[in-house]
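Colleague: The structure follows.
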Amino acid sequence: MKSDRDNPFRIAQEQFDRAAALLALPDNVREVLRVPQRELTVRFPVAMDDGSTRMFTGYRVQHNLGRGPTKGGLRYHPSVDIDEVRALAMWMTWKCALVNIPYGGAKGGVVCDPAQLSLQELERLTRRFATEVGIVVGSERDIPAPDVNTNAQIMAWFMDTLSMQQGHTINAVVTGKPVEVGGSLGRNEATGRGVSLMVREWARRHGRRLDQLNVVVQGFGNVGGVAAALLAELGCRVIGVGDASGGYVCRDGLDIAGMRRYAAHHPRRLLAGYSAPGVERIAGDALLETPCDVLVPAAMENQITDRNAARIRAALIVEGANGPTTPLADAILDERGIAVVPDILANAGGVTVSYFEWVQGLQSFFWNEHDVNARLEHIMVDAFNQVCDLAEQRRISLRLAAYLLAVRRVADANIIRGLYP
Ligand code: GLU
């Protein structure tokens with residue numbers, strides 16, 4: 001059980017309350033936006049390979065439907081619980097509003113450890129979960145996507161299940177699908193690409209040269225691995241990366257391309273057992289405290305807390321993960337002059353290209369990778385500049401500036417639509 005101060009939903013509400021107070025939102029709007037609109041809990045059986053049947057619990061939470069259909073990923077993880085899903089759904093609402101794509105926020109998850117499931121069990125679990133949450137999901141209602149421990153194959157099973165039940169292919173019902181079945185070029189790399197653009201734009205704004213930035217990345221999956229690779233391509237020196245197997249540090253810079261190849265061919269796509277000349281192994285916790293210019297937490301929530309924030313030695317933190325920094329840590333980092341590009345901006349590249357995938361699927365008209373990346377860059381750079389301009393103007397943190405912009409847009413949509421009935 002998470003303690004109250006590590007409870008992601010309490011944290012999400014606290015972040016919202018600060019913005020709502022500064023925006024002087026009317027109480028009735030505040031009360032609507034600080035809680036999820038819809039929550040579905042499902043409990044379902046899955047046939048296991050050994051002939052037994054096991055019960056699983058899953059969730060789909062739709063935080064706010066004001067700006068359009070709801071959007072957000074599906075997470076398969078043992079620590080999934082209703083408060084985590086609520087927080088992640090609320091953060092999706094602000095994220096979509098900040099990059100101005102016409103969605104509300106949602107999130108889903110199944111309490112499970114995919115490392116303990118065979119591929120067949122994972123498929124049966126996904127198909128049954130899709131069926132259970134199918135009552136609230138749909139291409140014009142709520143559109144899932146990958147998140148922690150879910151991927152394009154899982155999205156393909158999800159889409160196939162709902163399509164088979166309807167008797168025709170509905171590929172816009174999920175995003176992050178394989179390109180063979182209506183996925184978008186560039187979707188896989190989109191979140192990491194967005195993260196790398198944030199570093200590039202921050203360096204541009206602060207007159208820093210990319211080839212003089214030392215970068216540390218926590219998480220080496222679809223977000224951290226891609227961000228590390230793209231930052232290395234931009235000329236940064238990636239001196240530390242880590243995953244569930246621990247941290248790997250080399251002051252002269254790691255061979256990120258080689259490490260990604262290694263992870264791709266090893267169990268659970270982990271770096272366990274990786275070694276190379278000059279590479280030192282360190283504990284996962286120590287990785288975050290490695291002196292660097294740019295720190296990218298791209299794993300899970302609550303990684304930078306009041307327990308380690310005073311020991312972070314970076315000039316910039318770019319949140320690839322959702323909710324990696326607690327409010328207490330935020331205050332410490334702010335005091336110490338460490339800038340934080342908040343999750344709802346830094347990792348919005350994923351949902352932005354999900355939006356492109358959904359638009360392409362609905363129109364059955366597909367774009368080339370150059371167009372996808374160019375549109376992504378335009379949206380991310382624009383949102384980054386809006387957030388930085390407001391933060392400078394009001395002398396507030398980037399997180400608070402991002403919240404002011406996003407919450408204002410969501411509140412306005414809800415106010416303009418009015419109260420039904
Ligand atoms: N799971 C990703 C996120 O947290 C992507 C969501 C999506 O593409 O809908 O932003």
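A note on labels: chains of the structure tokens are A, B, ... as shown, every chain counts residues from 1, and ligands are counted from 1 in their shown order.
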Mind listing the residues within 7 Å of ligand 1, only C-alpha atoms and all ligand atoms counted, as a PDB file with all heavy atoms, in the first residue's frame?

Modeller:
ATOM      1  N   LYS A  71      -8.832   9.730 -23.771  1.00  0.00           N
ATOM      2  CA  LYS A  71      -7.651   9.109 -24.364  1.00  0.00           C
ATOM      3  C   LYS A  71      -6.640   8.806 -23.280  1.00  0.00           C
ATOM      4  O   LYS A  71      -6.421   9.605 -22.373  1.00  0.00           O
ATOM      5  CB  LYS A  71      -7.039  10.106 -25.360  1.00  0.00           C
ATOM      6  CG  LYS A  71      -5.900   9.560 -26.168  1.00  0.00           C
ATOM      7  CD  LYS A  71      -6.386   8.864 -27.418  1.00  0.00           C
ATOM      8  CE  LYS A  71      -5.284   8.096 -28.124  1.00  0.00           C
ATOM      9  NZ  LYS A  71      -4.981   6.795 -27.466  1.00  0.00           N
ATOM     10  N   GLY A  72      -6.008   7.667 -23.384  1.00  0.00           N
ATOM     11  CA  GLY A  72      -4.944   7.343 -22.430  1.00  0.00           C
ATOM     12  C   GLY A  72      -4.605   5.863 -22.472  1.00  0.00           C
ATOM     13  O   GLY A  72      -5.376   5.044 -22.967  1.00  0.00           O
ATOM     14  N   GLY A  73      -3.447   5.539 -21.937  1.00  0.00           N
ATOM     15  CA  GLY A  73      -2.891   4.199 -22.080  1.00  0.00           C
ATOM     16  C   GLY A  73      -3.479   3.151 -21.155  1.00  0.00           C
ATOM     17  O   GLY A  73      -4.333   3.417 -20.309  1.00  0.00           O
ATOM     18  N   LEU A  74      -2.998   1.928 -21.364  1.00  0.00           N
ATOM     19  CA  LEU A  74      -3.313   0.773 -20.519  1.00  0.00           C
ATOM     20  C   LEU A  74      -2.016   0.266 -19.929  1.00  0.00           C
ATOM     21  O   LEU A  74      -1.047   0.030 -20.671  1.00  0.00           O
ATOM     22  CB  LEU A  74      -3.929  -0.356 -21.362  1.00  0.00           C
ATOM     23  CG  LEU A  74      -5.237  -0.050 -22.079  1.00  0.00           C
ATOM     24  CD1 LEU A  74      -5.616  -1.237 -22.972  1.00  0.00           C
ATOM     25  CD2 LEU A  74      -6.343   0.234 -21.078  1.00  0.00           C
ATOM     26  N   MET A  92      -3.695  12.786 -17.993  1.00  0.00           N
ATOM     27  CA  MET A  92      -3.964  12.743 -19.441  1.00  0.00           C
ATOM     28  C   MET A  92      -4.859  13.906 -19.868  1.00  0.00           C
ATOM     29  O   MET A  92      -4.683  14.457 -20.957  1.00  0.00           O
ATOM     30  CB  MET A  92      -4.635  11.413 -19.836  1.00  0.00           C
ATOM     31  CG  MET A  92      -3.751  10.193 -19.871  1.00  0.00           C
ATOM     32  SD  MET A  92      -2.220  10.289 -20.832  1.00  0.00           S
ATOM     33  CE  MET A  92      -2.814  10.691 -22.464  1.00  0.00           C
ATOM     34  N   ILE A 143     -10.311   5.988 -26.201  1.00  0.00           N
ATOM     35  CA  ILE A 143      -9.365   5.299 -27.077  1.00  0.00           C
ATOM     36  C   ILE A 143      -8.094   4.938 -26.306  1.00  0.00           C
ATOM     37  O   ILE A 143      -7.253   5.802 -26.033  1.00  0.00           O
ATOM     38  CB  ILE A 143      -9.009   6.213 -28.296  1.00  0.00           C
ATOM     39  CG1 ILE A 143     -10.290   6.649 -29.017  1.00  0.00           C
ATOM     40  CG2 ILE A 143      -8.064   5.491 -29.263  1.00  0.00           C
ATOM     41  CD1 ILE A 143     -10.605   8.111 -28.923  1.00  0.00           C
ATOM     42  N   PRO A 144      -7.902   3.667 -25.943  1.00  0.00           N
ATOM     43  CA  PRO A 144      -6.691   3.251 -25.241  1.00  0.00           C
ATOM     44  C   PRO A 144      -5.432   3.275 -26.113  1.00  0.00           C
ATOM     45  O   PRO A 144      -5.503   3.459 -27.341  1.00  0.00           O
ATOM     46  CB  PRO A 144      -6.995   1.817 -24.788  1.00  0.00           C
ATOM     47  CG  PRO A 144      -8.477   1.698 -24.843  1.00  0.00           C
ATOM     48  CD  PRO A 144      -8.889   2.578 -25.986  1.00  0.00           C
ATOM     49  N   ALA A 145      -4.295   3.066 -25.467  1.00  0.00           N
ATOM     50  CA  ALA A 145      -2.979   3.088 -26.130  1.00  0.00           C
ATOM     51  C   ALA A 145      -2.006   2.341 -25.221  1.00  0.00           C
ATOM     52  O   ALA A 145      -2.366   1.975 -24.103  1.00  0.00           O
ATOM     53  CB  ALA A 145      -2.529   4.541 -26.315  1.00  0.00           C
ATOM     54  N   PRO A 146      -0.777   2.127 -25.667  1.00  0.00           N
ATOM     55  CA  PRO A 146       0.201   1.473 -24.788  1.00  0.00           C
ATOM     56  C   PRO A 146       0.641   2.367 -23.625  1.00  0.00           C
ATOM     57  O   PRO A 146       0.562   3.587 -23.692  1.00  0.00           O
ATOM     58  CB  PRO A 146       1.398   1.205 -25.712  1.00  0.00           C
ATOM     59  CG  PRO A 146       0.896   1.386 -27.101  1.00  0.00           C
ATOM     60  CD  PRO A 146      -0.220   2.375 -27.009  1.00  0.00           C
ATOM     61  N   ASP A 147       1.076   1.727 -22.555  1.00  0.00           N
ATOM     62  CA  ASP A 147       1.700   2.410 -21.419  1.00  0.00           C
ATOM     63  C   ASP A 147       2.715   1.414 -20.844  1.00  0.00           C
ATOM     64  O   ASP A 147       3.224   0.561 -21.592  1.00  0.00           O
ATOM     65  CB  ASP A 147       0.622   2.839 -20.405  1.00  0.00           C
ATOM     66  CG  ASP A 147       1.134   3.869 -19.404  1.00  0.00           C
ATOM     67  OD1 ASP A 147       1.263   5.046 -19.767  1.00  0.00           O
ATOM     68  OD2 ASP A 147       1.428   3.497 -18.248  1.00  0.00           O
ATOM     69  N   THR A 175      -4.840   3.219 -30.227  1.00  0.00           N
ATOM     70  CA  THR A 175      -3.673   3.715 -30.961  1.00  0.00           C
ATOM     71  C   THR A 175      -2.422   3.007 -30.434  1.00  0.00           C
ATOM     72  O   THR A 175      -2.492   2.284 -29.447  1.00  0.00           O
ATOM     73  CB  THR A 175      -3.525   5.237 -30.831  1.00  0.00           C
ATOM     74  OG1 THR A 175      -3.390   5.552 -29.438  1.00  0.00           O
ATOM     75  CG2 THR A 175      -4.716   5.970 -31.414  1.00  0.00           C
ATOM     76  N   GLY A 176      -1.327   3.238 -31.133  1.00  0.00           N
ATOM     77  CA  GLY A 176      -0.101   2.518 -30.775  1.00  0.00           C
ATOM     78  C   GLY A 176      -0.130   1.113 -31.353  1.00  0.00           C
ATOM     79  O   GLY A 176       0.531   0.211 -30.842  1.00  0.00           O
ATOM     80  N   ASN A 322       5.225   9.558 -16.161  1.00  0.00           N
ATOM     81  CA  ASN A 322       4.132  10.317 -15.557  1.00  0.00           C
ATOM     82  C   ASN A 322       4.345  10.336 -14.046  1.00  0.00           C
ATOM     83  O   ASN A 322       4.552   9.287 -13.433  1.00  0.00           O
ATOM     84  CB  ASN A 322       2.793   9.654 -15.876  1.00  0.00           C
ATOM     85  CG  ASN A 322       2.440   9.775 -17.351  1.00  0.00           C
ATOM     86  OD1 ASN A 322       2.483  10.877 -17.908  1.00  0.00           O
ATOM     87  ND2 ASN A 322       2.114   8.661 -17.984  1.00  0.00           N
ATOM     88  N   ASN A 347       6.244  14.420 -21.854  1.00  0.00           N
ATOM     89  CA  ASN A 347       5.950  13.128 -22.481  1.00  0.00           C
ATOM     90  C   ASN A 347       4.698  13.162 -23.357  1.00  0.00           C
ATOM     91  O   ASN A 347       4.167  12.109 -23.736  1.00  0.00           O
ATOM     92  CB  ASN A 347       5.912  11.996 -21.439  1.00  0.00           C
ATOM     93  CG  ASN A 347       4.724  12.079 -20.495  1.00  0.00           C
ATOM     94  OD1 ASN A 347       3.617  12.415 -20.908  1.00  0.00           O
ATOM     95  ND2 ASN A 347       4.942  11.752 -19.230  1.00  0.00           N
ATOM     96  N   ALA A 348       4.264  14.380 -23.729  1.00  0.00           N
ATOM     97  CA  ALA A 348       3.044  14.507 -24.534  1.00  0.00           C
ATOM     98  C   ALA A 348       3.230  14.087 -25.990  1.00  0.00           C
ATOM     99  O   ALA A 348       2.263  14.005 -26.758  1.00  0.00           O
ATOM    100  CB  ALA A 348       2.532  15.942 -24.472  1.00  0.00           C
ATOM    101  N   GLY A 350       3.831  11.196 -27.145  1.00  0.00           N
ATOM    102  CA  GLY A 350       3.162   9.912 -27.381  1.00  0.00           C
ATOM    103  C   GLY A 350       1.699  10.098 -27.733  1.00  0.00           C
ATOM    104  O   GLY A 350       1.227   9.615 -28.770  1.00  0.00           O
ATOM    105  N   VAL A 351       0.994  10.828 -26.890  1.00  0.00           N
ATOM    106  CA  VAL A 351      -0.438  10.987 -27.156  1.00  0.00           C
ATOM    107  C   VAL A 351      -0.659  11.882 -28.382  1.00  0.00           C
ATOM    108  O   VAL A 351      -1.659  11.737 -29.087  1.00  0.00           O
ATOM    109  CB  VAL A 351      -1.199  11.496 -25.911  1.00  0.00           C
ATOM    110  CG1 VAL A 351      -0.943  12.956 -25.616  1.00  0.00           C
ATOM    111  CG2 VAL A 351      -2.695  11.234 -26.074  1.00  0.00           C
ATOM    112  N   THR A 352       0.296  12.758 -28.670  1.00  0.00           N
ATOM    113  CA  THR A 352       0.148  13.611 -29.857  1.00  0.00           C
ATOM    114  C   THR A 352       0.173  12.747 -31.129  1.00  0.00           C
ATOM    115  O   THR A 352      -0.682  12.899 -32.014  1.00  0.00           O
ATOM    116  CB  THR A 352       1.262  14.681 -29.887  1.00  0.00           C
ATOM    117  OG1 THR A 352       1.139  15.472 -28.706  1.00  0.00           O
ATOM    118  CG2 THR A 352       1.155  15.562 -31.102  1.00  0.00           C
ATOM    119  N   SER A 354      -0.452   9.568 -31.114  1.00  0.00           N
ATOM    120  CA  SER A 354      -1.669   8.752 -31.016  1.00  0.00           C
ATOM    121  C   SER A 354      -2.840   9.482 -31.684  1.00  0.00           C
ATOM    122  O   SER A 354      -3.646   8.874 -32.391  1.00  0.00           O
ATOM    123  CB  SER A 354      -2.033   8.494 -29.554  1.00  0.00           C
ATOM    124  OG  SER A 354      -1.354   7.370 -29.051  1.00  0.00           O
TER     125      SER A 354
END

Colleague: Taking the DSSP secondary structure from the backbone, can you list the residues of segment 39-165 of chain A that are strand (DSSP E or B), as a PyMOL selection string?

Modeller: chain A and resi 39-47+53-64+70-77+104-111+138+142-146

Colleague: Just the residues within 12 Å of Val136 of chain A, please, counting only C-alpha atoms, with nothing from its chain fewer than 2 positions along; format it as a ChimeraX atom specification.

Modeller: /A:38-42,59-62,69-71,106-108,129-134,138-144,162,173

Colleague: For each of A:Thr290, A:Ala263, A:Leu234, A:Gly182, take the minimum atom-to-atom distance to Cys250 of chain A, counting only C-alpha atoms, then give the residue where this is smallest.

Modeller: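 Selected residue with least distance to Cys250 of chain A: A:Thr290.
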
Colleague: Which value, in Å to one decimal, gives the distance between atom CA of Ala413 of chain A and atom CA of Leu25 of chain A?

Modeller: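 Result for atom CA of Ala413 of chain A versus atom CA of Leu25 of chain A: 12.9 Å, one decimal.
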
Colleague: What are the DSSP helix (DSSP H, G or I) residues of segment 195-331 of chain A, as a PyMOL selection string?

Modeller: chain A and resi 195-205+210-212+224-233+256-264+267-269+284-288+309-311+327-331

Colleague: Give me, please, the distance in Å between atom CA of Gln218 of chain A and atom CA of Ile239 of chain A, quoted to one decimal.

Modeller: 11.3 Å

Colleague: How many Å lie between atom CA of Asn64 of chain A and atom CA of Gln37 of chain A, rounded to one decimal?

Modeller: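 Result for atom CA of Asn64 of chain A versus atom CA of Gln37 of chain A: 5.7 Å, one decimal.
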
Colleague: Tell me, as a CSV table (one decimal) with N, CA, C and O atoms, in the first residue's frame, which residues lie within 12 Å of Asp27 of chain A, counting only C-alpha atoms; anything in the same chain fewer than 6 positions away does not count.

Modeller:
chain,number,residue,atom,x,y,z
A,17,ASP,N,-5.3,21.6,-7.5
A,17,ASP,CA,-5.8,22.6,-6.6
A,17,ASP,C,-4.9,23.9,-6.6
A,17,ASP,O,-5.5,25.0,-6.6
A,20,ALA,N,-5.9,25.6,-9.8
A,20,ALA,CA,-7.3,26.1,-9.7
A,20,ALA,C,-7.4,27.4,-8.9
A,20,ALA,O,-8.1,28.3,-9.2
A,21,ALA,N,-6.6,27.4,-7.8
A,21,ALA,CA,-6.6,28.6,-6.9
A,21,ALA,C,-6.0,29.8,-7.6
A,21,ALA,O,-6.6,30.9,-7.6
A,33,LEU,N,-13.7,19.1,-11.8
A,33,LEU,CA,-12.4,18.7,-12.4
A,33,LEU,C,-11.5,18.0,-11.4
A,33,LEU,O,-10.6,17.3,-11.9
A,34,ARG,N,-11.7,18.1,-10.1
A,34,ARG,CA,-10.8,17.4,-9.2
A,34,ARG,C,-11.1,16.0,-9.0
A,34,ARG,O,-10.3,15.3,-8.3
A,411,ALA,N,-11.2,23.9,-18.2
A,411,ALA,CA,-12.3,24.6,-17.5
A,411,ALA,C,-13.2,25.4,-18.5
A,411,ALA,O,-14.4,25.3,-18.4

Colleague: Leaving out segment 296-305 of chain A and any residue of its chain fewer than 4 positions from it, which residues lie within 7 Å of it when counting only C-alpha atoms, given as a list in words?

Modeller: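 Contacts, in chain order: Asp6, Val216, Val217, Gln218, Gly219, Val223, Gly224, Ala309, Ile317, Val318, Glu319, Gly320, Ala321, Asn322, Gly323, Pro324, Thr325, Thr326, Leu328 and Ala329 of chain A.
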
Colleague: Would you output that residue set with N, CA, C and O atoms, as a PDB file, in the first residue's frame?

Modeller:
ATOM      1  N   ASP A   6       2.546   9.533  -0.906  1.00  0.00           N
ATOM      2  CA  ASP A   6       2.983   8.981  -2.186  1.00  0.00           C
ATOM      3  C   ASP A   6       1.799   8.562  -3.054  1.00  0.00           C
ATOM      4  O   ASP A   6       1.983   7.996  -4.122  1.00  0.00           O
ATOM      5  N   VAL A 216      21.534  11.816 -18.024  1.00  0.00           N
ATOM      6  CA  VAL A 216      21.266  10.546 -17.326  1.00  0.00           C
ATOM      7  C   VAL A 216      19.794  10.200 -17.525  1.00  0.00           C
ATOM      8  O   VAL A 216      18.931  11.062 -17.378  1.00  0.00           O
ATOM      9  N   VAL A 217      19.523   8.953 -17.902  1.00  0.00           N
ATOM     10  CA  VAL A 217      18.148   8.529 -18.185  1.00  0.00           C
ATOM     11  C   VAL A 217      17.775   7.336 -17.301  1.00  0.00           C
ATOM     12  O   VAL A 217      18.446   6.304 -17.333  1.00  0.00           O
ATOM     13  N   GLN A 218      16.713   7.491 -16.515  1.00  0.00           N
ATOM     14  CA  GLN A 218      16.213   6.373 -15.708  1.00  0.00           C
ATOM     15  C   GLN A 218      15.056   5.723 -16.466  1.00  0.00           C
ATOM     16  O   GLN A 218      14.051   6.369 -16.752  1.00  0.00           O
ATOM     17  N   GLY A 219      15.188   4.444 -16.807  1.00  0.00           N
ATOM     18  CA  GLY A 219      14.186   3.767 -17.634  1.00  0.00           C
ATOM     19  C   GLY A 219      14.768   3.576 -19.018  1.00  0.00           C
ATOM     20  O   GLY A 219      15.318   4.525 -19.596  1.00  0.00           O
ATOM     21  N   VAL A 223      10.160   4.771 -23.731  1.00  0.00           N
ATOM     22  CA  VAL A 223      10.383   6.210 -23.559  1.00  0.00           C
ATOM     23  C   VAL A 223      11.878   6.482 -23.328  1.00  0.00           C
ATOM     24  O   VAL A 223      12.532   7.175 -24.114  1.00  0.00           O
ATOM     25  N   GLY A 224      12.440   5.897 -22.253  1.00  0.00           N
ATOM     26  CA  GLY A 224      13.827   6.182 -21.896  1.00  0.00           C
ATOM     27  C   GLY A 224      14.829   5.717 -22.951  1.00  0.00           C
ATOM     28  O   GLY A 224      15.783   6.439 -23.273  1.00  0.00           O
ATOM     29  N   ALA A 309      15.590  14.600  -3.287  1.00  0.00           N
ATOM     30  CA  ALA A 309      15.627  15.808  -4.135  1.00  0.00           C
ATOM     31  C   ALA A 309      16.834  16.698  -3.826  1.00  0.00           C
ATOM     32  O   ALA A 309      17.399  17.328  -4.725  1.00  0.00           O
ATOM     33  N   ILE A 317      15.537  18.766 -15.325  1.00  0.00           N
ATOM     34  CA  ILE A 317      14.888  17.450 -15.266  1.00  0.00           C
ATOM     35  C   ILE A 317      13.783  17.450 -16.323  1.00  0.00           C
ATOM     36  O   ILE A 317      12.991  18.393 -16.398  1.00  0.00           O
ATOM     37  N   VAL A 318      13.758  16.422 -17.155  1.00  0.00           N
ATOM     38  CA  VAL A 318      12.712  16.304 -18.178  1.00  0.00           C
ATOM     39  C   VAL A 318      11.941  15.019 -17.889  1.00  0.00           C
ATOM     40  O   VAL A 318      12.489  13.922 -18.003  1.00  0.00           O
ATOM     41  N   GLU A 319      10.659  15.180 -17.514  1.00  0.00           N
ATOM     42  CA  GLU A 319       9.898  14.035 -17.016  1.00  0.00           C
ATOM     43  C   GLU A 319       9.314  13.184 -18.145  1.00  0.00           C
ATOM     44  O   GLU A 319       8.223  13.440 -18.644  1.00  0.00           O
ATOM     45  N   GLY A 320      10.050  12.147 -18.517  1.00  0.00           N
ATOM     46  CA  GLY A 320       9.548  11.198 -19.513  1.00  0.00           C
ATOM     47  C   GLY A 320       8.428  10.346 -18.941  1.00  0.00           C
ATOM     48  O   GLY A 320       7.487   9.966 -19.634  1.00  0.00           O
ATOM     49  N   ALA A 321       8.521  10.024 -17.649  1.00  0.00           N
ATOM     50  CA  ALA A 321       7.479   9.239 -16.968  1.00  0.00           C
ATOM     51  C   ALA A 321       6.331  10.152 -16.564  1.00  0.00           C
ATOM     52  O   ALA A 321       6.454  11.378 -16.590  1.00  0.00           O
ATOM     53  N   ASN A 322       5.225   9.558 -16.161  1.00  0.00           N
ATOM     54  CA  ASN A 322       4.132  10.317 -15.557  1.00  0.00           C
ATOM     55  C   ASN A 322       4.345  10.336 -14.046  1.00  0.00           C
ATOM     56  O   ASN A 322       4.552   9.287 -13.433  1.00  0.00           O
ATOM     57  N   GLY A 323       4.318  11.531 -13.472  1.00  0.00           N
ATOM     58  CA  GLY A 323       4.376  11.671 -12.014  1.00  0.00           C
ATOM     59  C   GLY A 323       5.658  11.241 -11.331  1.00  0.00           C
ATOM     60  O   GLY A 323       5.605  10.773 -10.197  1.00  0.00           O
ATOM     61  N   PRO A 324       6.842  11.403 -11.952  1.00  0.00           N
ATOM     62  CA  PRO A 324       8.061  10.946 -11.286  1.00  0.00           C
ATOM     63  C   PRO A 324       8.493  11.830 -10.111  1.00  0.00           C
ATOM     64  O   PRO A 324       9.270  11.380  -9.277  1.00  0.00           O
ATOM     65  N   THR A 325       7.997  13.073 -10.050  1.00  0.00           N
ATOM     66  CA  THR A 325       8.435  14.005  -9.011  1.00  0.00           C
ATOM     67  C   THR A 325       7.264  14.345  -8.085  1.00  0.00           C
ATOM     68  O   THR A 325       6.204  14.750  -8.557  1.00  0.00           O
ATOM     69  N   THR A 326       7.460  14.197  -6.781  1.00  0.00           N
ATOM     70  CA  THR A 326       6.368  14.533  -5.850  1.00  0.00           C
ATOM     71  C   THR A 326       6.345  16.053  -5.615  1.00  0.00           C
ATOM     72  O   THR A 326       7.357  16.728  -5.833  1.00  0.00           O
ATOM     73  N   LEU A 328       6.498  17.677  -2.828  1.00  0.00           N
ATOM     74  CA  LEU A 328       7.528  18.067  -1.850  1.00  0.00           C
ATOM     75  C   LEU A 328       8.881  18.186  -2.541  1.00  0.00           C
ATOM     76  O   LEU A 328       9.658  19.106  -2.279  1.00  0.00           O
ATOM     77  N   ALA A 329       9.179  17.253  -3.442  1.00  0.00           N
ATOM     78  CA  ALA A 329      10.439  17.310  -4.184  1.00  0.00           C
ATOM     79  C   ALA A 329      10.457  18.520  -5.117  1.00  0.00           C
ATOM     80  O   ALA A 329      11.478  19.200  -5.252  1.00  0.00           O
TER      81      ALA A 329
END

Colleague: Please provide as a CSV table (one decimal) with N, CA and C atoms, in the first residue's frame all residues within 9 Å of segment 371-386 of chain A, with the sequence filter that same-chain residues fewer than 3 positions apart are discarded (counting only C-alpha atoms).

Modeller:
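Result file follows (out06.csv):
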chain,number,residue,atom,x,y,z
A,98,LEU,N,-2.9,20.6,-22.9
A,98,LEU,CA,-1.7,21.5,-23.1
A,98,LEU,C,-1.2,21.4,-24.5
A,99,VAL,N,-1.2,20.3,-25.2
A,99,VAL,CA,-0.8,20.2,-26.6
A,99,VAL,C,-2.0,20.5,-27.5
A,100,ASN,N,-3.1,20.8,-26.9
A,100,ASN,CA,-4.3,21.3,-27.6
A,100,ASN,C,-4.8,20.2,-28.7
A,184,SER,N,0.4,4.3,-36.8
A,184,SER,CA,1.1,5.4,-37.5
A,184,SER,C,2.6,5.2,-37.5
A,185,LEU,N,3.2,5.6,-38.6
A,185,LEU,CA,4.7,5.7,-38.6
A,185,LEU,C,5.0,6.7,-37.5
A,186,GLY,N,6.1,6.4,-36.8
A,186,GLY,CA,6.6,7.4,-35.8
A,186,GLY,C,6.0,7.3,-34.5
A,187,ARG,N,4.9,6.5,-34.3
A,187,ARG,CA,4.2,6.4,-33.0
A,187,ARG,C,5.1,5.8,-31.9
A,190,ALA,N,7.5,8.2,-30.6
A,190,ALA,CA,7.0,9.6,-30.4
A,190,ALA,C,7.3,10.2,-29.0
A,193,ARG,N,10.9,10.9,-28.7
A,193,ARG,CA,11.2,12.0,-29.5
A,193,ARG,C,10.8,13.4,-28.9
A,194,GLY,N,9.6,13.4,-28.3
A,194,GLY,CA,9.1,14.6,-27.6
A,194,GLY,C,10.1,15.0,-26.5
A,197,LEU,N,13.1,16.6,-27.9
A,197,LEU,CA,12.9,18.0,-28.4
A,197,LEU,C,12.9,19.0,-27.2
A,198,MET,N,12.4,18.5,-26.0
A,198,MET,CA,12.4,19.4,-24.9
A,198,MET,C,13.8,19.8,-24.5
A,201,GLU,N,15.2,22.2,-27.1
A,201,GLU,CA,14.6,23.6,-27.0
A,201,GLU,C,15.1,24.3,-25.8
A,202,TRP,N,15.2,23.5,-24.7
A,202,TRP,CA,15.7,24.2,-23.4
A,202,TRP,C,17.1,24.7,-23.7
A,341,VAL,N,10.9,20.2,-16.6
A,341,VAL,CA,9.9,20.2,-17.7
A,341,VAL,C,8.9,19.1,-17.3
A,345,LEU,N,3.9,18.0,-20.3
A,345,LEU,CA,4.5,18.6,-21.5
A,345,LEU,C,5.5,17.6,-22.0
A,346,ALA,N,6.4,17.2,-21.2
A,346,ALA,CA,7.6,16.4,-21.7
A,346,ALA,C,7.3,15.1,-22.4
A,348,ALA,N,4.3,14.4,-23.7
A,348,ALA,CA,3.0,14.5,-24.5
A,348,ALA,C,3.2,14.1,-26.0
A,349,GLY,N,4.5,13.8,-26.4
A,349,GLY,CA,4.7,13.4,-27.8
A,349,GLY,C,4.0,12.1,-28.1
A,352,THR,N,0.3,12.8,-28.7
A,352,THR,CA,0.1,13.6,-29.9
A,352,THR,C,0.2,12.7,-31.1
A,353,VAL,N,1.1,11.8,-31.2
A,353,VAL,CA,1.1,10.9,-32.4
A,353,VAL,C,0.0,9.9,-32.3
A,356,PHE,N,-2.6,11.7,-34.1
A,356,PHE,CA,-2.3,11.6,-35.5
A,356,PHE,C,-2.8,10.2,-36.0
A,367,TRP,N,-0.1,9.1,-43.5
A,367,TRP,CA,0.9,10.1,-43.7
A,367,TRP,C,2.3,9.4,-43.7
A,368,ASN,N,3.3,10.0,-44.3
A,368,ASN,CA,4.6,9.5,-44.3
A,368,ASN,C,5.3,9.9,-42.9
A,389,ASP,N,7.2,30.8,-21.8
A,389,ASP,CA,6.9,32.2,-21.8
A,389,ASP,C,6.0,32.6,-20.5
A,390,LEU,N,5.1,31.8,-20.3
A,390,LEU,CA,4.2,32.0,-19.1
A,390,LEU,C,5.0,31.9,-17.8
A,391,ALA,N,5.8,30.9,-17.7
A,391,ALA,CA,6.6,30.7,-16.5
A,391,ALA,C,7.5,31.9,-16.2
A,401,ALA,N,3.1,26.7,-14.7
A,401,ALA,CA,2.7,27.3,-15.9
A,401,ALA,C,2.0,26.4,-16.8
A,402,ALA,N,2.4,25.1,-16.9
A,402,ALA,CA,1.8,24.1,-17.8
A,402,ALA,C,0.4,23.9,-17.3
A,405,LEU,N,-2.1,26.8,-18.1
A,405,LEU,CA,-2.6,26.7,-19.5
A,405,LEU,C,-3.6,25.6,-19.7
